[in-house]
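Q: Provided herewith: query.txt, compact mmCIF, N, CA and C atoms and all ligand atoms.
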# COMPACT_ATOMS: atom_id res chain seq x y z
N MET A 1 -25.20 -37.73 78.47
CA MET A 1 -24.18 -36.74 78.85
C MET A 1 -23.45 -37.23 80.10
N GLU A 2 -22.11 -37.25 80.03
CA GLU A 2 -21.32 -37.70 81.18
C GLU A 2 -21.10 -36.58 82.18
N THR A 3 -21.09 -36.94 83.43
CA THR A 3 -20.76 -35.95 84.47
C THR A 3 -19.49 -36.43 85.16
N GLU A 4 -18.93 -35.61 86.00
CA GLU A 4 -17.69 -35.98 86.70
C GLU A 4 -17.88 -37.20 87.59
N ASN A 5 -19.09 -37.39 88.08
CA ASN A 5 -19.35 -38.49 89.01
C ASN A 5 -19.85 -39.75 88.31
N SER A 6 -19.97 -39.72 86.98
CA SER A 6 -20.51 -40.90 86.31
C SER A 6 -19.53 -42.07 86.39
N VAL A 7 -20.06 -43.26 86.39
CA VAL A 7 -19.25 -44.48 86.48
C VAL A 7 -18.58 -44.69 85.12
N PRO A 8 -17.26 -44.90 85.11
CA PRO A 8 -16.60 -45.10 83.82
C PRO A 8 -17.08 -46.37 83.14
N ASP A 9 -17.10 -46.34 81.82
CA ASP A 9 -17.49 -47.51 81.04
C ASP A 9 -16.28 -48.44 80.98
N LEU A 10 -16.30 -49.50 81.77
CA LEU A 10 -15.13 -50.39 81.88
C LEU A 10 -14.79 -51.04 80.55
N TYR A 11 -15.82 -51.35 79.75
CA TYR A 11 -15.55 -51.95 78.43
C TYR A 11 -14.66 -51.01 77.62
N GLU A 12 -15.03 -49.71 77.58
CA GLU A 12 -14.27 -48.75 76.77
C GLU A 12 -12.90 -48.46 77.37
N LEU A 13 -12.71 -48.69 78.67
CA LEU A 13 -11.39 -48.52 79.28
C LEU A 13 -10.47 -49.68 78.93
N ALA A 14 -11.04 -50.88 78.80
CA ALA A 14 -10.23 -52.07 78.57
C ALA A 14 -10.00 -52.36 77.08
N PHE A 15 -11.01 -52.12 76.27
CA PHE A 15 -10.94 -52.53 74.87
C PHE A 15 -11.10 -51.34 73.93
N MET A 16 -10.50 -51.49 72.74
CA MET A 16 -10.76 -50.53 71.66
C MET A 16 -12.23 -50.76 71.30
N PRO A 17 -13.07 -49.75 71.43
CA PRO A 17 -14.49 -49.96 71.17
C PRO A 17 -14.76 -50.52 69.77
N GLY A 18 -15.42 -51.67 69.75
CA GLY A 18 -15.84 -52.26 68.49
C GLY A 18 -14.73 -52.87 67.65
N GLN A 19 -13.54 -53.12 68.23
CA GLN A 19 -12.43 -53.71 67.47
C GLN A 19 -12.29 -55.17 67.85
N PHE A 20 -12.32 -56.03 66.85
CA PHE A 20 -12.20 -57.47 67.07
C PHE A 20 -11.11 -58.03 66.16
N ARG A 21 -10.37 -59.02 66.66
CA ARG A 21 -9.31 -59.66 65.87
C ARG A 21 -9.50 -61.16 65.92
N CYS A 22 -9.33 -61.79 64.77
CA CYS A 22 -9.45 -63.25 64.69
C CYS A 22 -8.13 -63.87 65.16
N PRO A 23 -8.17 -64.77 66.17
CA PRO A 23 -6.93 -65.39 66.64
C PRO A 23 -6.35 -66.38 65.63
N LYS A 24 -7.17 -66.80 64.67
CA LYS A 24 -6.71 -67.79 63.70
C LYS A 24 -6.03 -67.13 62.49
N CYS A 25 -6.71 -66.15 61.86
CA CYS A 25 -6.16 -65.59 60.61
C CYS A 25 -5.68 -64.14 60.77
N GLY A 26 -5.93 -63.51 61.94
CA GLY A 26 -5.45 -62.15 62.17
C GLY A 26 -6.34 -61.05 61.60
N PHE A 27 -7.43 -61.43 60.94
CA PHE A 27 -8.33 -60.42 60.39
C PHE A 27 -8.85 -59.54 61.51
N GLN A 28 -8.85 -58.22 61.28
CA GLN A 28 -9.38 -57.31 62.29
C GLN A 28 -10.61 -56.62 61.74
N TRP A 29 -11.64 -56.54 62.56
CA TRP A 29 -12.93 -56.02 62.15
C TRP A 29 -13.32 -54.89 63.09
N SER A 30 -13.75 -53.78 62.51
CA SER A 30 -14.21 -52.65 63.30
C SER A 30 -15.73 -52.55 63.17
N ILE A 31 -16.42 -52.71 64.29
CA ILE A 31 -17.88 -52.64 64.29
C ILE A 31 -18.27 -51.51 65.24
N GLN A 32 -18.73 -50.42 64.67
CA GLN A 32 -19.09 -49.27 65.49
C GLN A 32 -20.40 -48.68 65.02
N THR A 33 -21.01 -47.94 65.91
CA THR A 33 -22.28 -47.30 65.62
C THR A 33 -22.10 -45.79 65.69
N ILE A 34 -22.65 -45.11 64.69
CA ILE A 34 -22.59 -43.65 64.68
C ILE A 34 -23.92 -43.14 65.24
N ASN A 35 -23.82 -42.36 66.32
CA ASN A 35 -25.02 -41.78 66.92
C ASN A 35 -25.02 -40.29 66.57
N VAL A 36 -25.79 -39.95 65.53
CA VAL A 36 -25.80 -38.58 65.03
C VAL A 36 -26.37 -37.64 66.09
N ALA A 37 -27.41 -38.06 66.78
CA ALA A 37 -28.05 -37.20 67.77
C ALA A 37 -27.08 -36.79 68.88
N GLN A 38 -26.23 -37.75 69.33
CA GLN A 38 -25.26 -37.45 70.39
C GLN A 38 -23.90 -37.01 69.84
N GLY A 39 -23.73 -37.12 68.52
CA GLY A 39 -22.44 -36.76 67.92
C GLY A 39 -21.33 -37.68 68.36
N LYS A 40 -21.64 -38.98 68.54
CA LYS A 40 -20.63 -39.93 69.03
C LYS A 40 -20.49 -41.13 68.08
N ILE A 41 -19.29 -41.68 68.06
CA ILE A 41 -19.05 -42.95 67.38
C ILE A 41 -18.61 -43.92 68.46
N GLY A 42 -19.25 -45.05 68.54
CA GLY A 42 -18.88 -46.00 69.59
C GLY A 42 -19.56 -47.32 69.39
N THR A 43 -19.78 -47.98 70.49
CA THR A 43 -20.37 -49.30 70.42
C THR A 43 -21.68 -49.34 71.21
N THR A 44 -22.53 -50.22 70.81
CA THR A 44 -23.76 -50.49 71.56
C THR A 44 -23.56 -51.84 72.23
N GLU A 45 -24.47 -52.20 73.13
CA GLU A 45 -24.36 -53.52 73.77
C GLU A 45 -24.36 -54.63 72.74
N GLU A 46 -25.16 -54.46 71.66
CA GLU A 46 -25.23 -55.53 70.63
C GLU A 46 -23.90 -55.68 69.90
N ASN A 47 -23.27 -54.55 69.50
CA ASN A 47 -22.04 -54.73 68.73
C ASN A 47 -20.80 -54.85 69.62
N ARG A 48 -21.01 -55.06 70.92
CA ARG A 48 -19.88 -55.43 71.79
C ARG A 48 -19.73 -56.95 71.87
N GLN A 49 -20.66 -57.67 71.29
CA GLN A 49 -20.58 -59.12 71.27
C GLN A 49 -19.59 -59.54 70.19
N ALA A 50 -18.60 -60.35 70.57
CA ALA A 50 -17.58 -60.77 69.61
C ALA A 50 -18.22 -61.60 68.49
N PRO A 51 -18.03 -61.16 67.25
CA PRO A 51 -18.60 -61.90 66.12
C PRO A 51 -17.70 -63.07 65.71
N ASP A 52 -18.21 -63.90 64.83
CA ASP A 52 -17.39 -64.95 64.22
C ASP A 52 -16.65 -64.34 63.04
N CYS A 53 -15.41 -64.80 62.83
CA CYS A 53 -14.60 -64.30 61.71
C CYS A 53 -15.29 -64.64 60.39
N PRO A 54 -15.44 -63.65 59.50
CA PRO A 54 -16.06 -63.94 58.21
C PRO A 54 -15.19 -64.83 57.32
N ASN A 55 -13.89 -64.95 57.63
CA ASN A 55 -12.99 -65.78 56.81
C ASN A 55 -13.07 -67.26 57.18
N ASP A 56 -13.09 -67.53 58.50
CA ASP A 56 -12.97 -68.94 58.91
C ASP A 56 -13.93 -69.35 60.02
N GLY A 57 -14.82 -68.45 60.44
CA GLY A 57 -15.83 -68.80 61.43
C GLY A 57 -15.35 -68.87 62.86
N THR A 58 -14.06 -68.56 63.12
CA THR A 58 -13.52 -68.58 64.48
C THR A 58 -14.10 -67.41 65.27
N ARG A 59 -14.44 -67.64 66.54
CA ARG A 59 -14.93 -66.55 67.38
C ARG A 59 -13.82 -65.51 67.54
N MET A 60 -14.12 -64.26 67.19
CA MET A 60 -13.11 -63.20 67.26
C MET A 60 -12.95 -62.71 68.69
N LEU A 61 -11.78 -62.08 68.98
CA LEU A 61 -11.47 -61.59 70.33
C LEU A 61 -11.52 -60.07 70.35
N HIS A 62 -11.87 -59.53 71.51
CA HIS A 62 -11.83 -58.08 71.68
C HIS A 62 -10.38 -57.62 71.63
N VAL A 63 -10.13 -56.48 71.01
CA VAL A 63 -8.78 -55.93 70.91
C VAL A 63 -8.59 -54.91 72.05
N THR A 64 -7.53 -55.11 72.84
CA THR A 64 -7.25 -54.15 73.92
C THR A 64 -6.48 -52.96 73.34
N TYR A 65 -6.47 -51.88 74.10
CA TYR A 65 -5.70 -50.70 73.67
C TYR A 65 -4.23 -51.05 73.49
N ARG A 66 -3.71 -51.85 74.43
CA ARG A 66 -2.29 -52.23 74.35
C ARG A 66 -2.00 -52.98 73.04
N GLU A 67 -2.85 -53.98 72.72
CA GLU A 67 -2.65 -54.73 71.48
C GLU A 67 -2.70 -53.82 70.26
N GLN A 68 -3.67 -52.88 70.29
CA GLN A 68 -3.80 -51.98 69.14
C GLN A 68 -2.60 -51.05 69.03
N LEU A 69 -2.12 -50.54 70.17
CA LEU A 69 -0.95 -49.66 70.14
C LEU A 69 0.29 -50.41 69.66
N GLU A 70 0.42 -51.69 70.09
CA GLU A 70 1.55 -52.50 69.62
C GLU A 70 1.45 -52.73 68.11
N ALA A 71 0.23 -52.94 67.63
CA ALA A 71 0.03 -53.13 66.18
C ALA A 71 0.39 -51.84 65.43
N TYR A 72 -0.02 -50.68 65.99
CA TYR A 72 0.34 -49.40 65.36
C TYR A 72 1.85 -49.22 65.36
N ALA A 73 2.52 -49.57 66.48
CA ALA A 73 3.98 -49.42 66.58
C ALA A 73 4.68 -50.32 65.55
N ASP A 74 4.19 -51.58 65.41
CA ASP A 74 4.77 -52.50 64.42
C ASP A 74 4.60 -51.94 63.01
N ARG A 75 3.42 -51.40 62.75
CA ARG A 75 3.12 -50.84 61.41
C ARG A 75 4.01 -49.64 61.13
N LEU A 76 4.21 -48.80 62.14
CA LEU A 76 5.06 -47.62 61.98
C LEU A 76 6.50 -48.04 61.70
N LYS A 77 6.99 -49.07 62.45
CA LYS A 77 8.35 -49.56 62.26
C LYS A 77 8.51 -50.10 60.84
N GLU A 78 7.51 -50.87 60.40
CA GLU A 78 7.54 -51.42 59.04
C GLU A 78 7.61 -50.28 58.01
N GLU A 79 6.84 -49.24 58.23
CA GLU A 79 6.81 -48.09 57.31
C GLU A 79 8.17 -47.40 57.29
N LEU A 80 8.78 -47.21 58.47
CA LEU A 80 10.09 -46.56 58.54
C LEU A 80 11.17 -47.43 57.90
N ASP A 81 11.09 -48.76 58.10
CA ASP A 81 12.04 -49.67 57.46
C ASP A 81 11.92 -49.58 55.94
N ASN A 82 10.67 -49.56 55.45
CA ASN A 82 10.45 -49.44 54.00
C ASN A 82 11.04 -48.14 53.48
N ARG A 83 10.87 -47.09 54.28
CA ARG A 83 11.40 -45.78 53.87
C ARG A 83 12.93 -45.83 53.79
N ASP A 84 13.56 -46.51 54.76
CA ASP A 84 15.01 -46.65 54.74
C ASP A 84 15.45 -47.42 53.50
N LEU A 85 14.71 -48.51 53.18
CA LEU A 85 15.05 -49.31 52.00
C LEU A 85 14.90 -48.48 50.73
N GLU A 86 13.83 -47.68 50.67
CA GLU A 86 13.62 -46.82 49.49
C GLU A 86 14.75 -45.80 49.36
N LYS A 87 15.19 -45.26 50.50
CA LYS A 87 16.28 -44.28 50.47
C LYS A 87 17.57 -44.94 49.99
N GLN A 88 17.84 -46.15 50.50
CA GLN A 88 19.05 -46.87 50.07
C GLN A 88 18.99 -47.15 48.56
N SER A 89 17.81 -47.55 48.09
CA SER A 89 17.63 -47.83 46.67
C SER A 89 17.81 -46.55 45.85
N HIS A 90 17.25 -45.46 46.36
CA HIS A 90 17.37 -44.16 45.71
C HIS A 90 18.84 -43.74 45.64
N ASP A 91 19.56 -43.88 46.78
CA ASP A 91 20.98 -43.53 46.82
C ASP A 91 21.80 -44.39 45.85
N ALA A 92 21.47 -45.68 45.78
CA ALA A 92 22.18 -46.59 44.87
C ALA A 92 21.96 -46.16 43.41
N GLU A 93 20.73 -45.73 43.11
CA GLU A 93 20.43 -45.29 41.74
C GLU A 93 21.18 -44.01 41.39
N ILE A 94 21.24 -43.07 42.34
CA ILE A 94 21.99 -41.83 42.11
C ILE A 94 23.47 -42.15 41.89
N ARG A 95 23.98 -43.07 42.71
CA ARG A 95 25.40 -43.46 42.58
C ARG A 95 25.65 -44.10 41.20
N ARG A 96 24.71 -44.95 40.77
CA ARG A 96 24.85 -45.61 39.46
C ARG A 96 24.89 -44.57 38.35
N ILE A 97 24.00 -43.58 38.42
CA ILE A 97 23.96 -42.54 37.39
C ILE A 97 25.24 -41.72 37.41
N ALA A 98 25.71 -41.37 38.65
CA ALA A 98 26.95 -40.60 38.77
C ALA A 98 28.11 -41.36 38.14
N THR A 99 28.19 -42.66 38.42
CA THR A 99 29.26 -43.49 37.87
C THR A 99 29.17 -43.52 36.34
N GLU A 100 27.93 -43.66 35.84
CA GLU A 100 27.71 -43.69 34.38
C GLU A 100 28.15 -42.39 33.72
N LEU A 101 27.95 -41.27 34.45
CA LEU A 101 28.32 -39.96 33.91
C LEU A 101 29.79 -39.64 34.14
N GLY A 102 30.50 -40.54 34.88
CA GLY A 102 31.91 -40.32 35.17
C GLY A 102 32.12 -39.27 36.25
N ILE A 103 31.12 -39.02 37.06
CA ILE A 103 31.23 -38.06 38.15
C ILE A 103 31.67 -38.82 39.41
N PRO A 104 32.78 -38.36 40.06
CA PRO A 104 33.24 -39.06 41.26
C PRO A 104 32.18 -39.07 42.35
N TRP A 105 32.05 -40.21 43.00
CA TRP A 105 31.06 -40.38 44.07
C TRP A 105 31.75 -40.31 45.41
N PRO A 106 31.21 -39.73 46.46
CA PRO A 106 29.90 -39.06 46.53
C PRO A 106 29.94 -37.67 45.93
N CYS A 107 28.81 -37.25 45.42
CA CYS A 107 28.68 -35.91 44.86
C CYS A 107 27.27 -35.39 45.12
N SER A 108 27.06 -34.14 44.80
CA SER A 108 25.73 -33.56 45.04
C SER A 108 24.78 -33.95 43.90
N VAL A 109 23.50 -33.92 44.19
CA VAL A 109 22.49 -34.21 43.19
C VAL A 109 22.56 -33.15 42.08
N GLU A 110 22.87 -31.90 42.48
CA GLU A 110 22.96 -30.81 41.50
C GLU A 110 24.04 -31.11 40.46
N LEU A 111 25.15 -31.68 40.91
CA LEU A 111 26.24 -32.02 39.99
C LEU A 111 25.77 -33.09 38.99
N ILE A 112 25.01 -34.05 39.48
CA ILE A 112 24.49 -35.10 38.60
C ILE A 112 23.51 -34.49 37.60
N VAL A 113 22.64 -33.59 38.09
CA VAL A 113 21.66 -32.96 37.19
C VAL A 113 22.40 -32.17 36.10
N SER A 114 23.44 -31.44 36.49
CA SER A 114 24.18 -30.68 35.46
C SER A 114 24.89 -31.64 34.51
N GLY A 115 25.35 -32.77 35.03
CA GLY A 115 25.96 -33.79 34.17
C GLY A 115 24.97 -34.35 33.17
N ILE A 116 23.73 -34.59 33.63
CA ILE A 116 22.68 -35.11 32.73
C ILE A 116 22.36 -34.07 31.66
N ARG A 117 22.30 -32.80 32.07
CA ARG A 117 22.04 -31.71 31.10
C ARG A 117 23.12 -31.68 30.02
N GLU A 118 24.39 -31.80 30.46
CA GLU A 118 25.50 -31.78 29.50
C GLU A 118 25.37 -32.94 28.51
N VAL A 119 25.06 -34.12 29.03
CA VAL A 119 24.92 -35.29 28.16
C VAL A 119 23.78 -35.08 27.18
N ASN A 120 22.65 -34.52 27.67
CA ASN A 120 21.50 -34.26 26.79
C ASN A 120 21.85 -33.25 25.72
N GLN A 121 22.57 -32.18 26.11
CA GLN A 121 22.95 -31.14 25.13
C GLN A 121 23.88 -31.73 24.08
N LEU A 122 24.79 -32.57 24.54
CA LEU A 122 25.73 -33.23 23.61
C LEU A 122 24.96 -34.11 22.64
N ALA A 123 23.98 -34.82 23.18
CA ALA A 123 23.16 -35.72 22.34
C ALA A 123 22.37 -34.90 21.32
N MET A 124 21.83 -33.73 21.73
CA MET A 124 21.08 -32.87 20.81
C MET A 124 21.98 -32.37 19.69
N ARG A 125 23.22 -32.00 20.05
CA ARG A 125 24.15 -31.48 19.05
C ARG A 125 24.54 -32.55 18.03
N THR A 126 24.73 -33.75 18.50
CA THR A 126 25.14 -34.82 17.58
C THR A 126 23.98 -35.28 16.73
N LYS A 127 22.74 -35.05 17.21
CA LYS A 127 21.56 -35.46 16.48
C LYS A 127 21.34 -34.63 15.24
N PHE A 128 21.62 -33.29 15.35
CA PHE A 128 21.30 -32.38 14.21
C PHE A 128 22.54 -31.99 13.44
ZN ZN B 201 -10.21 -65.62 60.84
Starting from the file, lay out its structure as structure tokens.
A:
Amino acid sequence: METENSVPDLYELAFMPGQFRCPKCGFQWSIQTINVAQGKIGTTEENRQAPDCPNDGTRMLHVTYREQLEAYADRLKEELDNRDLEKQSHDAEIRRIATELGIPWPCSVELIVSGIREVNQLAMRTKF
């Protein structure tokens, strides 16, 4: 149990507990211990020792909070970029359908949906 006067754990202040990254291949490994009795997830002295990378045997490095936050920021940016690309692709597809239906672009999605309904109804009528 920590008290206000307890000495801070410098390892946990400097590094993401139990996070290691291989400088050679970039593999990141999380080694943590669950202490059910204390209700904590963290590291022990043994699993604070940097392991060798399981891919290439290179000694792994401790991951700092800054490195991890930068990795999270890069991942978030990548996700947002992908989302923008998906939206552009989605918009291009809607535009293609509108053009195919002869609906002037830009238009609302509702207009395209009603255009698709009309085409389907026309197709049903010609079928029977
Ligand atoms: Zn590696």
Q: So what do you get for atom CA of A:Met124 versus atom CA of A:Leu101, distance-wise?
A: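 About the pair atom CA of A:Met124 and atom CA of A:Leu101: they are 16.6 Å apart.
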Q: What do you get as an MDAnalysis selection string if you pick all residues at most 5 Å from ligand ZN 201 (chain B), counting all atoms listed in the file?
A: chainID A and resid 22 24:26 53 55:56
Q: Just the number, please: distance in Å from atom C of A:Arg48 to atom C of A:Phe15, one decimal.
A: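 About the pair atom C of A:Arg48 and atom C of A:Phe15: they are 10.5 Å apart.
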Q: Could you pull the residues within 9 Å of stretch 80-95 of chain A, counting only C-alpha atoms, minus those fewer than 6 positions along the same chain, as a VMD selection string?
A: chain A and resid 105 to 107 109 112
Q: As a VMD selection string, please: the residues near A:Ile103 (cut-off 8 Å, only N, CA and C atoms, same-chain neighbours under 5 positions excluded).
A: chain A and resid 97 to 98 111 to 112 115
Q: Report as number ranges by chain all protein, DNA and RNA residues lying within 8 Å of A:Ala14, evaluated on only C-alpha atoms, omitting residues in the same chain fewer than 2 positions from it.
A: A: 10-12, 16, 64-65
Q: Would you work out the distance separating atom CA of A:Pro17 from atom CA of A:Arg59, expressed in Å to one decimal?
A: 17.0 Å
Q: As an NGL selection string, please: the residues near A:Gly42 (cut-off 8 Å, all atoms listed in the file, same-chain neighbours under 3 positions excluded).
A: :A and (17-18 or 31-35 or 39 or 45 or 47)
